[in-house]
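Asks: Quick one: structure below, then a few questions.
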Amino acid sequence: MIQDYGKAVEKIRENSKQYFSENNIKAVVIGMSGGIDSALCAALLEPVCKELKIPLIGRSLPITTNKPDELERARLCGEVFCTDFKEIDLGPCFEDMERHLASTEGIMPIADAHAQAIARGNRKARLRMIRLYDLAGTNKGLVISTDNYTELCESFFTLHGDVGDFCPIQMLWKTEVYKMSEYLIDAWKEELETMTYEVAHKNIPFKIRVLQSCVEAIPTDGLGITNSDLDQIMPNWQDSYKDTREAYEAVDQILIAHAPVDHPVMKRHIASEFKRKIPIIIPRLIFTDDDHAVS
């Protein structure tokens, strides 16, 4: 686990600034879900974008199953951290797409209700990404991936729906996502003590309040599949842990320690290995001796 969160935050921001500058990025686009991952990404990138004088474009894109508290957190995060924020209801667009798929492909309801919810959830995620990439293309920018390392290890993401261009927290365990967020909150509180009343109350208290609300929230993908992300990653987690924070700490330790393969977390990790290797590419030398590989 990270030992120095101050240094980690500094390095993530330095790396982000370097990449954006070297690649002439003109805008950064992020989907604001109302969860801790997207909130932390926005908090990390806000000063970077400000320094580079490029917009941090945030969009909350609810589609039929987002809860009011999620939407409220997404709105507050967007208003506090982003220079351009909107909430756009993609529900009507999604339902039009569902009707179109049913009429053109003859898609029949899946018998398993859970599998059907996953399929619908994947389509929602991909529809959202269409909107984010369109914004990035229009503004000569890139799309931020907000997944963390725990989700990567458990393949808890939608192919072509969650993966963007730049990943600030992809290698942070979920436990570290919480702790880095709390580090920023504490740093802002210390900063407040050195400011005059007029300067301090312009923005920092709102940052503290918004990020803290995301730390305390129950993690959910907002896709209507389960009540929390953990219900999919570690079923029956409530039997052993008092809250999702504690359960995620356990999941991280299970993965770090390479627990026995019969543990539900490890079973999912092993069974989903294929997803982390997609797309599968057939090596050129399989079908020809003419390798023409470019190094």
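Residues are referred to by chain and number: the chain letter is A, B, ... according to the order shown in the structure tokens, the number counts from 1 in that chain, and ligands are numbered separately from 1 in the order shown.
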Dump as CSV the rows for residues of range 84-122 of chain A within 10 Å of range 28-33 of chain A: closest atom pair and distance in Å with one decimal, only C-alpha atoms counted, ordered by chain and rising residue number.
Replies:
```
residue,atom,partner,partner_atom,distance
A:Asp84,CA,A:Val29,CA,9.4
A:Phe85,CA,A:Met32,CA,9.1
A:Lys86,CA,A:Met32,CA,9.6
A:Glu87,CA,A:Met32,CA,9.1
```
Asks: Excluding range 259-267 of chain A and any residue of its chain fewer than 3 positions from it, enumerate the residues within 9 Å of it, using only C-alpha atoms, and give them as a list in words.
Replies: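 Counting only the stated atoms, we get Glu154, Ile233, Met234, Pro235, Val251, Gln253, Ile254, Leu255, Ile256, Ile270, Ala271 and Ser272 of chain A.
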Asks: For the selection you just gave me, I'd like the residues written to a file as a short mmCIF file (atom, residue, chain, number, x, y, z; two decimals), in the first residue's frame, keeping C-alpha atoms.
Replies:
```cif
data_model
loop_
_atom_site.label_atom_id
_atom_site.label_comp_id
_atom_site.auth_asym_id
_atom_site.auth_seq_id
_atom_site.Cartn_x
_atom_site.Cartn_y
_atom_site.Cartn_z
CA GLU A 154 -11.90 -8.33 -10.71
CA ILE A 233 -17.49 -8.69 -6.49
CA MET A 234 -17.99 -10.52 -3.19
CA PRO A 235 -21.53 -11.87 -2.70
CA VAL A 251 -11.03 -7.68 -1.05
CA GLN A 253 -5.92 -7.98 0.95
CA ILE A 254 -7.35 -11.16 -0.60
CA LEU A 255 -6.03 -10.13 -4.02
CA ILE A 256 -2.66 -8.95 -2.70
CA ILE A 270 -9.33 -16.10 -12.41
CA ALA A 271 -12.55 -16.53 -14.38
CA SER A 272 -12.34 -12.98 -15.76
#
```
Asks: List the spatial neighbours of Pro92 in chain A as a list in words - criterion: any atom at most 9 Å away, only C-alpha atoms, same-chain residues fewer than 4 positions off excluded.
Replies: Ile63, Thr64, Asp96 and Met97 of chain A
Asks: For Leu132 in chain A, which residue among A:Arg75, A:Lys179, A:Arg59, A:His100 is the nearest when counting only C-alpha atoms?
Replies: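 Going through A:Arg75, A:Lys179, A:Arg59, A:His100 one by one, the smallest distance to Leu132 in chain A is for A:Arg59.
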Asks: How many Å separate CA of Pro279 in chain A from CA of Ala39 in chain A?
Replies: 29.0 Å
Asks: Find the residues near range 135-150 of chain A: any atom within 8 Å, counting only C-alpha atoms, skip ones fewer than 3 places away on the same chain, and give them as a ChimeraX atom specification.
Replies: /A:25-31,37-38,41,131-132,153-154,157,162-174,177,251-252
Asks: Could you take the residues named above and write them with C-alpha atoms, as a compact mmCIF listing (two decimals), in the first residue's frame?
Replies:
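again-v2.txt was written with the following content:
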```txt
# COMPACT_ATOMS: atom_id res chain seq x y z
CA ILE A 25 -4.42 17.85 -25.18
CA LYS A 26 -6.91 20.71 -25.38
CA ALA A 27 -9.58 19.39 -23.01
CA VAL A 28 -10.16 16.67 -20.43
CA VAL A 29 -13.53 14.91 -20.34
CA ILE A 30 -14.77 12.92 -17.36
CA GLY A 31 -18.01 11.16 -16.55
CA ASP A 37 -13.53 7.11 -8.11
CA SER A 38 -14.71 9.82 -10.51
CA CYS A 41 -10.04 11.74 -10.54
CA ARG A 131 -21.33 10.85 -25.40
CA LEU A 132 -18.00 11.34 -23.61
CA CYS A 153 -8.27 -7.30 -11.00
CA GLU A 154 -11.90 -8.33 -10.71
CA PHE A 157 -15.83 -2.88 -15.91
CA ASP A 162 -15.66 2.20 -18.97
CA VAL A 163 -12.18 2.33 -20.47
CA GLY A 164 -11.08 5.78 -21.62
CA ASP A 165 -7.76 7.26 -22.78
CA PHE A 166 -5.99 8.25 -19.58
CA CYS A 167 -6.16 6.45 -16.24
CA PRO A 168 -5.07 8.51 -13.18
CA ILE A 169 -6.09 5.90 -10.57
CA GLN A 170 -6.01 2.63 -12.53
CA MET A 171 -3.15 1.31 -10.37
CA LEU A 172 -4.65 2.37 -7.02
CA TRP A 173 -6.32 -0.27 -4.89
CA LYS A 174 -9.82 0.73 -3.80
CA VAL A 177 -8.67 5.48 -3.42
CA VAL A 251 -11.03 -7.68 -1.05
CA ASP A 252 -7.74 -5.84 -1.60
```
Asks: For Lys277 in chain A, which residue among A:Ile204, A:Leu152, A:Leu56, A:Ala113 is the nearest when counting only C-alpha atoms?
Replies: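 Of A:Ile204, A:Leu152, A:Leu56, A:Ala113, the one nearest Lys277 in chain A, counting only C-alpha atoms, is A:Leu152.
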Asks: Do you know which residues are at most 8 Å from range 205-220 of chain A counting only C-alpha atoms, after dropping those on the same chain fewer than 6 positions away, and could you put them as a list in words?
Replies: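 Result of the neighbour search: Gly34, Gly35, Ile36, Ala39, Leu40, Arg73, Leu76, Cys77, Val80, Phe81, Tyr178, Ser181, Glu182, Ile185, Trp188, Lys189, Thr226, Asn227, Ser228, Asp229, Leu230 and Thr244 of chain A.
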Asks: Once you have the residues from the selection above, write them out as an mmCIF file, in the first residue's frame, restricted to N, CA, C and O atoms.
Replies:
```
data_model
loop_
_atom_site.group_PDB
_atom_site.id
_atom_site.type_symbol
_atom_site.label_atom_id
_atom_site.label_comp_id
_atom_site.auth_asym_id
_atom_site.auth_seq_id
_atom_site.Cartn_x
_atom_site.Cartn_y
_atom_site.Cartn_z
ATOM 1 N N GLY A 34 -20.964 10.405 -9.288
ATOM 2 C CA GLY A 34 -21.377 10.599 -7.910
ATOM 3 C C GLY A 34 -20.671 9.642 -6.972
ATOM 4 O O GLY A 34 -20.959 9.608 -5.779
ATOM 5 N N GLY A 35 -19.714 8.868 -7.512
ATOM 6 C CA GLY A 35 -18.942 7.926 -6.715
ATOM 7 C C GLY A 35 -17.555 8.443 -6.402
ATOM 8 O O GLY A 35 -17.092 9.446 -6.959
ATOM 9 N N ILE A 36 -16.857 7.730 -5.524
ATOM 10 C CA ILE A 36 -15.551 8.172 -5.049
ATOM 11 C C ILE A 36 -14.498 8.165 -6.155
ATOM 12 O O ILE A 36 -13.609 9.021 -6.185
ATOM 13 N N ALA A 39 -14.901 11.179 -8.494
ATOM 14 C CA ALA A 39 -14.664 12.380 -7.688
ATOM 15 C C ALA A 39 -13.174 12.572 -7.431
ATOM 16 O O ALA A 39 -12.654 13.692 -7.542
ATOM 17 N N LEU A 40 -12.471 11.486 -7.100
ATOM 18 C CA LEU A 40 -11.032 11.591 -6.865
ATOM 19 C C LEU A 40 -10.302 11.980 -8.146
ATOM 20 O O LEU A 40 -9.403 12.825 -8.119
ATOM 21 N N ARG A 73 -24.641 13.998 -5.730
ATOM 22 C CA ARG A 73 -23.185 14.013 -5.545
ATOM 23 C C ARG A 73 -22.475 14.305 -6.870
ATOM 24 O O ARG A 73 -21.493 15.050 -6.903
ATOM 25 N N LEU A 76 -22.789 18.052 -7.568
ATOM 26 C CA LEU A 76 -21.929 18.857 -6.701
ATOM 27 C C LEU A 76 -20.455 18.706 -7.079
ATOM 28 O O LEU A 76 -19.711 19.687 -7.119
ATOM 29 N N CYS A 77 -20.035 17.479 -7.373
ATOM 30 C CA CYS A 77 -18.650 17.244 -7.803
ATOM 31 C C CYS A 77 -18.363 17.995 -9.095
ATOM 32 O O CYS A 77 -17.319 18.637 -9.241
ATOM 33 N N VAL A 80 -18.097 21.752 -8.496
ATOM 34 C CA VAL A 80 -16.945 22.159 -7.696
ATOM 35 C C VAL A 80 -15.627 21.976 -8.447
ATOM 36 O O VAL A 80 -14.753 22.842 -8.404
ATOM 37 N N PHE A 81 -15.479 20.859 -9.138
ATOM 38 C CA PHE A 81 -14.183 20.532 -9.743
ATOM 39 C C PHE A 81 -14.078 20.857 -11.236
ATOM 40 O O PHE A 81 -12.980 21.077 -11.738
ATOM 41 N N TYR A 178 -9.807 5.451 -1.272
ATOM 42 C CA TYR A 178 -10.385 6.063 -0.077
ATOM 43 C C TYR A 178 -9.343 6.901 0.669
ATOM 44 O O TYR A 178 -9.594 8.054 1.047
ATOM 45 N N SER A 181 -8.282 10.096 -1.112
ATOM 46 C CA SER A 181 -9.351 11.092 -0.996
ATOM 47 C C SER A 181 -9.312 11.749 0.374
ATOM 48 O O SER A 181 -9.439 12.984 0.497
ATOM 49 N N GLU A 182 -9.113 10.950 1.405
ATOM 50 C CA GLU A 182 -9.038 11.498 2.760
ATOM 51 C C GLU A 182 -7.784 12.354 2.945
ATOM 52 O O GLU A 182 -7.812 13.348 3.689
ATOM 53 N N ILE A 185 -8.688 15.702 1.517
ATOM 54 C CA ILE A 185 -9.591 16.400 2.433
ATOM 55 C C ILE A 185 -8.803 17.036 3.573
ATOM 56 O O ILE A 185 -9.007 18.209 3.914
ATOM 57 N N TRP A 188 -6.760 20.011 2.317
ATOM 58 C CA TRP A 188 -7.594 21.198 2.121
ATOM 59 C C TRP A 188 -7.933 21.857 3.457
ATOM 60 O O TRP A 188 -7.971 23.085 3.559
ATOM 61 N N LYS A 189 -8.177 21.035 4.464
ATOM 62 C CA LYS A 189 -8.479 21.582 5.799
ATOM 63 C C LYS A 189 -7.286 22.372 6.335
ATOM 64 O O LYS A 189 -7.452 23.449 6.927
ATOM 65 N N THR A 226 -27.027 -4.211 -9.230
ATOM 66 C CA THR A 226 -27.113 -4.580 -7.820
ATOM 67 C C THR A 226 -27.129 -3.315 -6.971
ATOM 68 O O THR A 226 -26.856 -2.220 -7.470
ATOM 69 N N ASN A 227 -27.399 -3.477 -5.685
ATOM 70 C CA ASN A 227 -27.458 -2.319 -4.799
ATOM 71 C C ASN A 227 -26.088 -1.694 -4.575
ATOM 72 O O ASN A 227 -25.972 -0.496 -4.340
ATOM 73 N N SER A 228 -25.030 -2.507 -4.602
ATOM 74 C CA SER A 228 -23.671 -1.998 -4.463
ATOM 75 C C SER A 228 -22.743 -2.799 -5.360
ATOM 76 O O SER A 228 -23.061 -3.921 -5.767
ATOM 77 N N ASP A 229 -21.578 -2.224 -5.655
ATOM 78 C CA ASP A 229 -20.597 -2.930 -6.478
ATOM 79 C C ASP A 229 -20.165 -4.229 -5.816
ATOM 80 O O ASP A 229 -19.921 -5.240 -6.487
ATOM 81 N N LEU A 230 -20.074 -4.216 -4.503
ATOM 82 C CA LEU A 230 -19.588 -5.390 -3.766
ATOM 83 C C LEU A 230 -20.520 -6.586 -3.886
ATOM 84 O O LEU A 230 -20.088 -7.726 -3.737
ATOM 85 N N THR A 244 -19.143 -1.186 3.381
ATOM 86 C CA THR A 244 -18.440 -1.441 2.124
ATOM 87 C C THR A 244 -16.961 -1.077 2.214
ATOM 88 O O THR A 244 -16.125 -1.719 1.580
#
```
